[in-house]
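Below: one structure, written as structure tokens.
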Amino acid sequence: MTTVDEHLERILSAVSPGRPRRADLHQAHGCVLAAAVRATVALPSFDNSSMDGYAVRAADVADATEQEPVTLPVEADIPAGPGTPAPLAPGTAARIMTGAPLPRGADAVVQLEWTDGGRTSVAVRRPVDRGRHIRRTGEDVTPGSLILPAGTIIGAAQIGLLAAANVARPPVHPRPRVAVLSTGSELVEVGSRLGDGQIVDSNSHAIAAAARETGAVVDRLTGVPDDADAFAKVFYALLSDYDAVVTTGGVSVGAYDVVKEVLTGAGSVQFDQVAMQPGKPQGFGVVSGVPVFTLPGNPVSALISFDLFVRPALQRMRGLPATGLPRAEVTLDAPVRSVPGRRGFVRVTLAGLGPDGRPGPDTLARPAASQGSHQLSSLASAQALVIVPEEVTQAPAGSRLVALLLGNGPGSILSGMGWADSDSTDTGGSRAGGSHQASPAAGAPKEPGPEPTR
Ligand code: AMP
Ligand code: MG
């Protein structure tokens, strides 16, 4: 059997960040910067007022008091907008708005509230220090300075800074485009009336959602039957349009395990028994340059396999460190048993989270009663997967073990991971031709919705 670490290592050595390309700011949202961005401009790019008020020479209002205001003629009105205001003559004021350019000669702004608000002349009731309420050129960003290092996830604030610095098309690693494909003749699409022996395809939805949570652009294909020709037709048509393909089902040792049948010998695909519980049958390889992950069909196995192997790979493809799920130590509040020789991933709920919502020294992990690989409900209510090392078969209550933190529940810390719909966030590659759409006729309708052009 292959170890979890060996399998992950094999995967990570085969994937790399997407080739950098320039993307407009909308497309760049949620992408990772592929190169450092330096400012070509100063921010602010000109001295301007941070207040609505009056541009003055501070010396001219040095003697102003509430009782004896200093009155100055108002020689100009300077709204925010293009143009250069006339220089301020000594002994005068200019009415000025927030963001408007400071006239040459002025060295302070008196805020409106300290004046009578006059239009032709203004009574100033308090003195101001030189430089008051002036935003100086370059005090935020100086030309040539590093504004965002390579590897930054581009979120709202980063988009704002790039726009302010007039960077229209930053260099990014594009989001990986991922096809998620479920196989099984028993599968029907959610919302269908089920016949005998049929089940709803939950994997394609769950895995597509998980891939989206990692920031991938995802298309979902459902219910390819256990027929080698049908699977091959759908699968091979995907390779020209996607950066990765994730399948579920059809990789164990039974008859009708079509994924295994079709992909054995394809590219570098290798099917392994990985020493883990759940999720033993795994496959991975690169076919025509596209990483292909073949996950087991049981829903919990599929999702846990995604978290262990596909998530870090997609992180790397996005240009991020391949960290996988965040980890924390927790204390078991009940014993768990684990299969000898396999790394166990035990669904637990967490109690006693720290004040930041993360596990702390007092956090207790309670194993879910059902740990079957088909029992999705306990995964949906779990907040973490406790890792039971290969050599441990019994972990008593009180054991300190490392847990992988899931994104659900009150302890959730998975946020800001770049959610995306594929229609709005494709970074503009030419591979999104949609040539696979005609092919899944043999029972693999592509997900309806806002994606059919891809
Ligand atoms: P397989 O790996 O194809 O042998 O499937 C293992 C188990 O997972 C079987 O009980 C399947 O019915 C179930 N299964 C496979 N694919 C899916 C799916 N897409 N959604 C829900 N259950 C599935
Ligand atoms: Mg199957």
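Simple scheme: letters A, B, ... for chains in structure tokens order, numbers from 1 for residues in each chain, numbers from 1 for ligands in the order shown.
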
Residues within 6 Å of ligand 1, counting only C-alpha atoms and all ligand atoms: report them as a list in words. Ser182, Thr183, Gly184, Asp201, Ser202, Asn203, Ser204, Thr248, Gly249, Gly250, Val251, Ser252, Pro296, Gly297, Asn298 and Pro299 of chain A

Those same residues - N, CA, C and O atoms - I'd like them written as a short mmCIF file (atom, residue, chain, number, x, y, z; two decimals), in the first residue's frame.
data_model
loop_
_atom_site.label_atom_id
_atom_site.label_comp_id
_atom_site.auth_asym_id
_atom_site.auth_seq_id
_atom_site.Cartn_x
_atom_site.Cartn_y
_atom_site.Cartn_z
N SER A 182 -18.82 12.65 -12.28
CA SER A 182 -19.17 11.49 -11.46
C SER A 182 -19.54 10.32 -12.36
O SER A 182 -20.16 10.51 -13.42
N THR A 183 -19.16 9.14 -11.95
CA THR A 183 -19.49 7.95 -12.73
C THR A 183 -20.32 7.00 -11.90
O THR A 183 -20.14 6.90 -10.69
N GLY A 184 -21.19 6.30 -12.55
CA GLY A 184 -22.01 5.29 -11.87
C GLY A 184 -23.36 5.17 -12.56
O GLY A 184 -24.05 6.18 -12.73
N ASP A 201 -26.89 11.60 -7.49
CA ASP A 201 -25.46 11.91 -7.58
C ASP A 201 -25.15 13.07 -6.65
O ASP A 201 -25.45 14.22 -6.95
N SER A 202 -24.60 12.75 -5.51
CA SER A 202 -24.22 13.84 -4.59
C SER A 202 -22.75 14.22 -4.78
O SER A 202 -22.36 15.36 -4.54
N ASN A 203 -21.94 13.27 -5.23
CA ASN A 203 -20.50 13.57 -5.32
C ASN A 203 -20.18 14.73 -6.25
O ASN A 203 -19.35 15.57 -5.92
N SER A 204 -20.82 14.76 -7.41
CA SER A 204 -20.40 15.80 -8.35
C SER A 204 -20.71 17.18 -7.77
O SER A 204 -19.95 18.12 -7.96
N THR A 248 -15.24 10.78 -9.76
CA THR A 248 -15.54 9.97 -8.57
C THR A 248 -16.14 8.65 -9.02
O THR A 248 -16.83 8.58 -10.04
N GLY A 249 -15.86 7.63 -8.24
CA GLY A 249 -16.42 6.31 -8.50
C GLY A 249 -15.59 5.51 -9.49
O GLY A 249 -14.70 6.03 -10.16
N GLY A 250 -15.89 4.22 -9.52
CA GLY A 250 -15.30 3.37 -10.56
C GLY A 250 -13.82 3.11 -10.44
O GLY A 250 -13.15 2.88 -11.45
N VAL A 251 -13.28 3.16 -9.21
CA VAL A 251 -11.84 2.91 -9.08
C VAL A 251 -11.52 1.79 -8.11
O VAL A 251 -10.36 1.57 -7.77
N SER A 252 -12.55 1.06 -7.66
CA SER A 252 -12.20 -0.02 -6.74
C SER A 252 -11.91 -1.30 -7.53
O SER A 252 -11.53 -1.23 -8.69
N PRO A 296 -12.45 7.83 -5.00
CA PRO A 296 -13.42 6.76 -4.80
C PRO A 296 -14.85 7.29 -4.77
O PRO A 296 -15.08 8.48 -4.60
N GLY A 297 -15.81 6.38 -4.95
CA GLY A 297 -17.20 6.80 -5.12
C GLY A 297 -17.95 7.08 -3.84
O GLY A 297 -18.87 7.90 -3.81
N ASN A 298 -17.58 6.41 -2.76
CA ASN A 298 -18.32 6.67 -1.53
C ASN A 298 -18.21 8.14 -1.17
O ASN A 298 -17.10 8.71 -1.17
N PRO A 299 -19.33 8.78 -0.89
CA PRO A 299 -19.33 10.24 -0.75
C PRO A 299 -18.35 10.79 0.28
O PRO A 299 -17.71 11.81 0.04
#

Could you list, as a PyMOL selection string, every residue within 12 Å of Ala302 in chain A, counting only C-alpha atoms and ignoring same-chain residues fewer than 2 positions away? chain A and resi 180-182+202-208+210+246-251+277-283+293-300+304-311+373-376+379

Which neighbours of Val262 in chain A fall inside 10 Å, counting only C-alpha atoms, when residues of the same chain fewer than 5 positions from it are skipped, and could you give them as a list in words? Asp227, Ala228, Asp229, Phe231, Ala232, Phe235, Gly250 and Asp257 of chain A

Would you work out the distance separating CA of Arg347 in chain A from CA of Met276 in chain A, expressed in Å to one decimal? 13.8 Å

Shell of 12 Å around range 75-87 of chain A, only C-alpha atoms, local chain residues under 3 positions omitted, as a PyMOL selection string: chain A and resi 46-57+72+90-107+118-122

To test your reading of the structure, identify every residue in range 183-240 of chain A that backbone DSSP assigns to helix (DSSP H, G or I), and report it as a PyMOL selection string. chain A and resi 203-213+228-238

Export, as a PDB file, in the first residue's frame, the selected residues with N, CA, C and O atoms.
ATOM      1  N   ASN A 203     -21.941  13.275  -5.235  1.00  0.00           N
ATOM      2  CA  ASN A 203     -20.502  13.572  -5.318  1.00  0.00           C
ATOM      3  C   ASN A 203     -20.185  14.733  -6.247  1.00  0.00           C
ATOM      4  O   ASN A 203     -19.347  15.574  -5.920  1.00  0.00           O
ATOM      5  N   SER A 204     -20.819  14.756  -7.406  1.00  0.00           N
ATOM      6  CA  SER A 204     -20.403  15.798  -8.353  1.00  0.00           C
ATOM      7  C   SER A 204     -20.714  17.180  -7.774  1.00  0.00           C
ATOM      8  O   SER A 204     -19.948  18.120  -7.958  1.00  0.00           O
ATOM      9  N   HIS A 205     -21.832  17.269  -7.039  1.00  0.00           N
ATOM     10  CA  HIS A 205     -22.153  18.556  -6.403  1.00  0.00           C
ATOM     11  C   HIS A 205     -21.159  18.882  -5.299  1.00  0.00           C
ATOM     12  O   HIS A 205     -20.667  20.004  -5.195  1.00  0.00           O
ATOM     13  N   ALA A 206     -20.902  17.893  -4.451  1.00  0.00           N
ATOM     14  CA  ALA A 206     -20.023  18.149  -3.303  1.00  0.00           C
ATOM     15  C   ALA A 206     -18.597  18.460  -3.767  1.00  0.00           C
ATOM     16  O   ALA A 206     -17.955  19.404  -3.272  1.00  0.00           O
ATOM     17  N   ILE A 207     -18.105  17.681  -4.703  1.00  0.00           N
ATOM     18  CA  ILE A 207     -16.714  17.886  -5.142  1.00  0.00           C
ATOM     19  C   ILE A 207     -16.600  19.190  -5.934  1.00  0.00           C
ATOM     20  O   ILE A 207     -15.610  19.922  -5.808  1.00  0.00           O
ATOM     21  N   ALA A 208     -17.620  19.491  -6.723  1.00  0.00           N
ATOM     22  CA  ALA A 208     -17.583  20.771  -7.442  1.00  0.00           C
ATOM     23  C   ALA A 208     -17.561  21.928  -6.447  1.00  0.00           C
ATOM     24  O   ALA A 208     -16.820  22.905  -6.610  1.00  0.00           O
ATOM     25  N   ALA A 209     -18.374  21.809  -5.385  1.00  0.00           N
ATOM     26  CA  ALA A 209     -18.400  22.871  -4.370  1.00  0.00           C
ATOM     27  C   ALA A 209     -17.043  22.983  -3.680  1.00  0.00           C
ATOM     28  O   ALA A 209     -16.525  24.085  -3.454  1.00  0.00           O
ATOM     29  N   ALA A 210     -16.463  21.841  -3.360  1.00  0.00           N
ATOM     30  CA  ALA A 210     -15.158  21.861  -2.691  1.00  0.00           C
ATOM     31  C   ALA A 210     -14.109  22.495  -3.604  1.00  0.00           C
ATOM     32  O   ALA A 210     -13.274  23.287  -3.150  1.00  0.00           O
ATOM     33  N   ALA A 211     -14.163  22.162  -4.872  1.00  0.00           N
ATOM     34  CA  ALA A 211     -13.189  22.734  -5.814  1.00  0.00           C
ATOM     35  C   ALA A 211     -13.394  24.237  -5.936  1.00  0.00           C
ATOM     36  O   ALA A 211     -12.436  25.013  -5.996  1.00  0.00           O
ATOM     37  N   ARG A 212     -14.658  24.656  -5.945  1.00  0.00           N
ATOM     38  CA  ARG A 212     -14.948  26.090  -6.003  1.00  0.00           C
ATOM     39  C   ARG A 212     -14.415  26.793  -4.769  1.00  0.00           C
ATOM     40  O   ARG A 212     -13.900  27.901  -4.847  1.00  0.00           O
ATOM     41  N   GLU A 213     -14.542  26.127  -3.615  1.00  0.00           N
ATOM     42  CA  GLU A 213     -14.017  26.729  -2.379  1.00  0.00           C
ATOM     43  C   GLU A 213     -12.508  26.948  -2.444  1.00  0.00           C
ATOM     44  O   GLU A 213     -11.979  27.809  -1.743  1.00  0.00           O
ATOM     45  N   ALA A 228     -17.488   1.664 -20.450  1.00  0.00           N
ATOM     46  CA  ALA A 228     -16.149   2.152 -20.775  1.00  0.00           C
ATOM     47  C   ALA A 228     -16.168   3.143 -21.942  1.00  0.00           C
ATOM     48  O   ALA A 228     -15.510   4.190 -21.887  1.00  0.00           O
ATOM     49  N   ASP A 229     -16.925   2.835 -22.968  1.00  0.00           N
ATOM     50  CA  ASP A 229     -16.932   3.726 -24.132  1.00  0.00           C
ATOM     51  C   ASP A 229     -17.529   5.082 -23.780  1.00  0.00           C
ATOM     52  O   ASP A 229     -17.021   6.130 -24.177  1.00  0.00           O
ATOM     53  N   ALA A 230     -18.623   5.033 -23.029  1.00  0.00           N
ATOM     54  CA  ALA A 230     -19.277   6.292 -22.650  1.00  0.00           C
ATOM     55  C   ALA A 230     -18.338   7.132 -21.786  1.00  0.00           C
ATOM     56  O   ALA A 230     -18.185   8.347 -22.001  1.00  0.00           O
ATOM     57  N   PHE A 231     -17.687   6.496 -20.833  1.00  0.00           N
ATOM     58  CA  PHE A 231     -16.775   7.257 -19.966  1.00  0.00           C
ATOM     59  C   PHE A 231     -15.608   7.810 -20.773  1.00  0.00           C
ATOM     60  O   PHE A 231     -15.243   8.983 -20.639  1.00  0.00           O
ATOM     61  N   ALA A 232     -15.037   6.967 -21.617  1.00  0.00           N
ATOM     62  CA  ALA A 232     -13.862   7.405 -22.394  1.00  0.00           C
ATOM     63  C   ALA A 232     -14.217   8.613 -23.265  1.00  0.00           C
ATOM     64  O   ALA A 232     -13.452   9.576 -23.363  1.00  0.00           O
ATOM     65  N   LYS A 233     -15.378   8.547 -23.855  1.00  0.00           N
ATOM     66  CA  LYS A 233     -15.790   9.634 -24.746  1.00  0.00           C
ATOM     67  C   LYS A 233     -15.904  10.949 -23.974  1.00  0.00           C
ATOM     68  O   LYS A 233     -15.397  11.992 -24.393  1.00  0.00           O
ATOM     69  N   VAL A 234     -16.575  10.893 -22.839  1.00  0.00           N
ATOM     70  CA  VAL A 234     -16.729  12.109 -22.035  1.00  0.00           C
ATOM     71  C   VAL A 234     -15.372  12.576 -21.507  1.00  0.00           C
ATOM     72  O   VAL A 234     -14.997  13.743 -21.617  1.00  0.00           O
ATOM     73  N   PHE A 235     -14.619  11.653 -20.968  1.00  0.00           N
ATOM     74  CA  PHE A 235     -13.359  12.007 -20.319  1.00  0.00           C
ATOM     75  C   PHE A 235     -12.376  12.651 -21.310  1.00  0.00           C
ATOM     76  O   PHE A 235     -11.835  13.730 -21.050  1.00  0.00           O
ATOM     77  N   TYR A 236     -12.155  12.012 -22.433  1.00  0.00           N
ATOM     78  CA  TYR A 236     -11.114  12.531 -23.329  1.00  0.00           C
ATOM     79  C   TYR A 236     -11.494  13.872 -23.934  1.00  0.00           C
ATOM     80  O   TYR A 236     -10.620  14.678 -24.251  1.00  0.00           O
ATOM     81  N   ALA A 237     -12.807  14.102 -24.064  1.00  0.00           N
ATOM     82  CA  ALA A 237     -13.219  15.411 -24.596  1.00  0.00           C
ATOM     83  C   ALA A 237     -12.907  16.536 -23.612  1.00  0.00           C
ATOM     84  O   ALA A 237     -12.803  17.701 -23.998  1.00  0.00           O
ATOM     85  N   LEU A 238     -12.740  16.202 -22.327  1.00  0.00           N
ATOM     86  CA  LEU A 238     -12.495  17.249 -21.330  1.00  0.00           C
ATOM     87  C   LEU A 238     -11.064  17.771 -21.375  1.00  0.00           C
ATOM     88  O   LEU A 238     -10.789  18.893 -20.945  1.00  0.00           O
TER      89      LEU A 238
END

Residues of range 85-321 of chain A in strand (DSSP E), written as number ranges by chain: A: 93-96, 108-111, 121-124, 134-135, 146-148, 171-173, 177-183, 187-188, 199-200, 217-224, 244-248, 270-273, 276-277, 281-287, 290-295

Contact residues around Val188 in chain A with only C-alpha atoms at 9 Å, ignoring same-chain residues under 2 positions, as a PDB file with all heavy atoms, in the first residue's frame:
ATOM      1  N   SER A 185     -23.714   3.960 -12.948  1.00  0.00           N
ATOM      2  CA  SER A 185     -24.987   3.769 -13.657  1.00  0.00           C
ATOM      3  C   SER A 185     -26.181   3.957 -12.734  1.00  0.00           C
ATOM      4  O   SER A 185     -27.312   4.099 -13.189  1.00  0.00           O
ATOM      5  CB  SER A 185     -25.036   2.364 -14.276  1.00  0.00           C
ATOM      6  OG  SER A 185     -24.044   2.256 -15.267  1.00  0.00           O
ATOM      7  N   GLU A 186     -25.908   3.957 -11.427  1.00  0.00           N
ATOM      8  CA  GLU A 186     -27.002   4.119 -10.458  1.00  0.00           C
ATOM      9  C   GLU A 186     -27.365   5.588 -10.226  1.00  0.00           C
ATOM     10  O   GLU A 186     -28.320   5.890  -9.528  1.00  0.00           O
ATOM     11  CB  GLU A 186     -26.612   3.465  -9.112  1.00  0.00           C
ATOM     12  CG  GLU A 186     -25.530   4.189  -8.295  1.00  0.00           C
ATOM     13  CD  GLU A 186     -24.093   3.859  -8.707  1.00  0.00           C
ATOM     14  OE1 GLU A 186     -23.859   3.676  -9.921  1.00  0.00           O
ATOM     15  OE2 GLU A 186     -23.214   3.825  -7.835  1.00  0.00           O
ATOM     16  N   VAL A 190     -29.895  15.371  -9.083  1.00  0.00           N
ATOM     17  CA  VAL A 190     -30.706  15.819  -7.947  1.00  0.00           C
ATOM     18  C   VAL A 190     -32.006  16.445  -8.460  1.00  0.00           C
ATOM     19  O   VAL A 190     -32.020  17.138  -9.474  1.00  0.00           O
ATOM     20  CB  VAL A 190     -29.903  16.802  -7.062  1.00  0.00           C
ATOM     21  CG1 VAL A 190     -29.602  18.112  -7.778  1.00  0.00           C
ATOM     22  CG2 VAL A 190     -30.616  17.071  -5.737  1.00  0.00           C
ATOM     23  N   GLY A 191     -33.080  16.141  -7.751  1.00  0.00           N
ATOM     24  CA  GLY A 191     -34.381  16.659  -8.160  1.00  0.00           C
ATOM     25  C   GLY A 191     -35.158  15.681  -9.024  1.00  0.00           C
ATOM     26  O   GLY A 191     -36.320  15.915  -9.333  1.00  0.00           O
ATOM     27  N   SER A 192     -34.510  14.572  -9.433  1.00  0.00           N
ATOM     28  CA  SER A 192     -35.197  13.592 -10.284  1.00  0.00           C
ATOM     29  C   SER A 192     -36.066  12.669  -9.439  1.00  0.00           C
ATOM     30  O   SER A 192     -35.861  12.511  -8.236  1.00  0.00           O
ATOM     31  CB  SER A 192     -34.172  12.719 -11.019  1.00  0.00           C
ATOM     32  OG  SER A 192     -33.221  13.493 -11.691  1.00  0.00           O
ATOM     33  N   ARG A 193     -37.012  12.022 -10.099  1.00  0.00           N
ATOM     34  CA  ARG A 193     -37.748  10.942  -9.435  1.00  0.00           C
ATOM     35  C   ARG A 193     -36.872   9.696  -9.521  1.00  0.00           C
ATOM     36  O   ARG A 193     -36.363   9.360 -10.593  1.00  0.00           O
ATOM     37  CB  ARG A 193     -39.066  10.721 -10.175  1.00  0.00           C
ATOM     38  CG  ARG A 193     -40.011   9.763  -9.496  1.00  0.00           C
ATOM     39  CD  ARG A 193     -41.218   9.529 -10.394  1.00  0.00           C
ATOM     40  NE  ARG A 193     -42.029  10.746 -10.532  1.00  0.00           N
ATOM     41  CZ  ARG A 193     -42.983  11.096  -9.666  1.00  0.00           C
ATOM     42  NH1 ARG A 193     -43.251  10.332  -8.621  1.00  0.00           N
ATOM     43  NH2 ARG A 193     -43.680  12.201  -9.842  1.00  0.00           N
ATOM     44  N   LEU A 194     -36.679   9.041  -8.392  1.00  0.00           N
ATOM     45  CA  LEU A 194     -35.747   7.915  -8.373  1.00  0.00           C
ATOM     46  C   LEU A 194     -36.455   6.594  -8.634  1.00  0.00           C
ATOM     47  O   LEU A 194     -37.484   6.313  -8.031  1.00  0.00           O
ATOM     48  CB  LEU A 194     -35.047   7.826  -7.008  1.00  0.00           C
ATOM     49  CG  LEU A 194     -33.743   8.605  -6.867  1.00  0.00           C
ATOM     50  CD1 LEU A 194     -33.977  10.091  -6.966  1.00  0.00           C
ATOM     51  CD2 LEU A 194     -33.072   8.249  -5.540  1.00  0.00           C
ATOM     52  N   GLN A 198     -31.715   3.334  -7.945  1.00  0.00           N
ATOM     53  CA  GLN A 198     -31.055   4.586  -8.308  1.00  0.00           C
ATOM     54  C   GLN A 198     -30.786   5.429  -7.065  1.00  0.00           C
ATOM     55  O   GLN A 198     -31.511   5.349  -6.078  1.00  0.00           O
ATOM     56  CB  GLN A 198     -31.932   5.378  -9.278  1.00  0.00           C
ATOM     57  CG  GLN A 198     -32.057   4.708 -10.626  1.00  0.00           C
ATOM     58  CD  GLN A 198     -32.838   5.551 -11.607  1.00  0.00           C
ATOM     59  OE1 GLN A 198     -33.882   6.102 -11.274  1.00  0.00           O
ATOM     60  NE2 GLN A 198     -32.337   5.638 -12.827  1.00  0.00           N
ATOM     61  N   ILE A 199     -29.735   6.233  -7.128  1.00  0.00           N
ATOM     62  CA  ILE A 199     -29.452   7.193  -6.055  1.00  0.00           C
ATOM     63  C   ILE A 199     -29.119   8.540  -6.699  1.00  0.00           C
ATOM     64  O   ILE A 199     -28.752   8.601  -7.872  1.00  0.00           O
ATOM     65  CB  ILE A 199     -28.276   6.753  -5.149  1.00  0.00           C
ATOM     66  CG1 ILE A 199     -26.977   6.641  -5.955  1.00  0.00           C
ATOM     67  CG2 ILE A 199     -28.581   5.437  -4.453  1.00  0.00           C
ATOM     68  CD1 ILE A 199     -25.735   6.507  -5.078  1.00  0.00           C
ATOM     69  N   VAL A 200     -29.256   9.563  -5.898  1.00  0.00           N
ATOM     70  CA  VAL A 200     -28.905  10.899  -6.400  1.00  0.00           C
ATOM     71  C   VAL A 200     -27.384  11.026  -6.422  1.00  0.00           C
ATOM     72  O   VAL A 200     -26.692  10.597  -5.492  1.00  0.00           O
ATOM     73  CB  VAL A 200     -29.522  11.991  -5.505  1.00  0.00           C
ATOM     74  CG1 VAL A 200     -29.014  13.369  -5.924  1.00  0.00           C
ATOM     75  CG2 VAL A 200     -31.043  11.939  -5.570  1.00  0.00           C
ATOM     76  N   ASP A 201     -26.892  11.600  -7.487  1.00  0.00           N
ATOM     77  CA  ASP A 201     -25.460  11.908  -7.585  1.00  0.00           C
ATOM     78  C   ASP A 201     -25.154  13.073  -6.651  1.00  0.00           C
ATOM     79  O   ASP A 201     -25.454  14.222  -6.949  1.00  0.00           O
ATOM     80  CB  ASP A 201     -25.131  12.284  -9.031  1.00  0.00           C
ATOM     81  CG  ASP A 201     -23.745  12.902  -9.159  1.00  0.00           C
ATOM     82  OD1 ASP A 201     -22.931  12.760  -8.221  1.00  0.00           O
ATOM     83  OD2 ASP A 201     -23.496  13.521 -10.208  1.00  0.00           O
ATOM     84  N   THR A 222     -22.386  15.102 -14.698  1.00  0.00           N
ATOM     85  CA  THR A 222     -22.982  14.151 -13.773  1.00  0.00           C
ATOM     86  C   THR A 222     -23.306  12.823 -14.435  1.00  0.00           C
ATOM     87  O   THR A 222     -23.623  12.766 -15.621  1.00  0.00           O
ATOM     88  CB  THR A 222     -24.265  14.748 -13.154  1.00  0.00           C
ATOM     89  OG1 THR A 222     -24.858  13.783 -12.303  1.00  0.00           O
ATOM     90  CG2 THR A 222     -25.273  15.166 -14.205  1.00  0.00           C
ATOM     91  N   GLY A 223     -23.174  11.766 -13.628  1.00  0.00           N
ATOM     92  CA  GLY A 223     -23.767  10.478 -13.978  1.00  0.00           C
ATOM     93  C   GLY A 223     -23.325   9.837 -15.268  1.00  0.00           C
ATOM     94  O   GLY A 223     -24.152   9.385 -16.058  1.00  0.00           O
TER      95      GLY A 223
END

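Atom to atom, CA of Ser45 in chain A and CA of Gly131 in chain A stand 16.6 Å apart.
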
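Considering the residues A:Val386, A:Leu8, A:Asp24, A:Pro69 and counting only C-alpha atoms, Ala163 in chain A has its shortest atom-to-atom contact with A:Asp24.
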
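Across the structure, CA of Gly289 in chain A and CA of Lys260 in chain A are spaced 18.8 Å apart.
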
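Closest approach to Ile153 in chain A from the set A:Ala397, A:Ala36, A:Val218, A:Val4 is made by A:Ala36, with distances taken over only C-alpha atoms.
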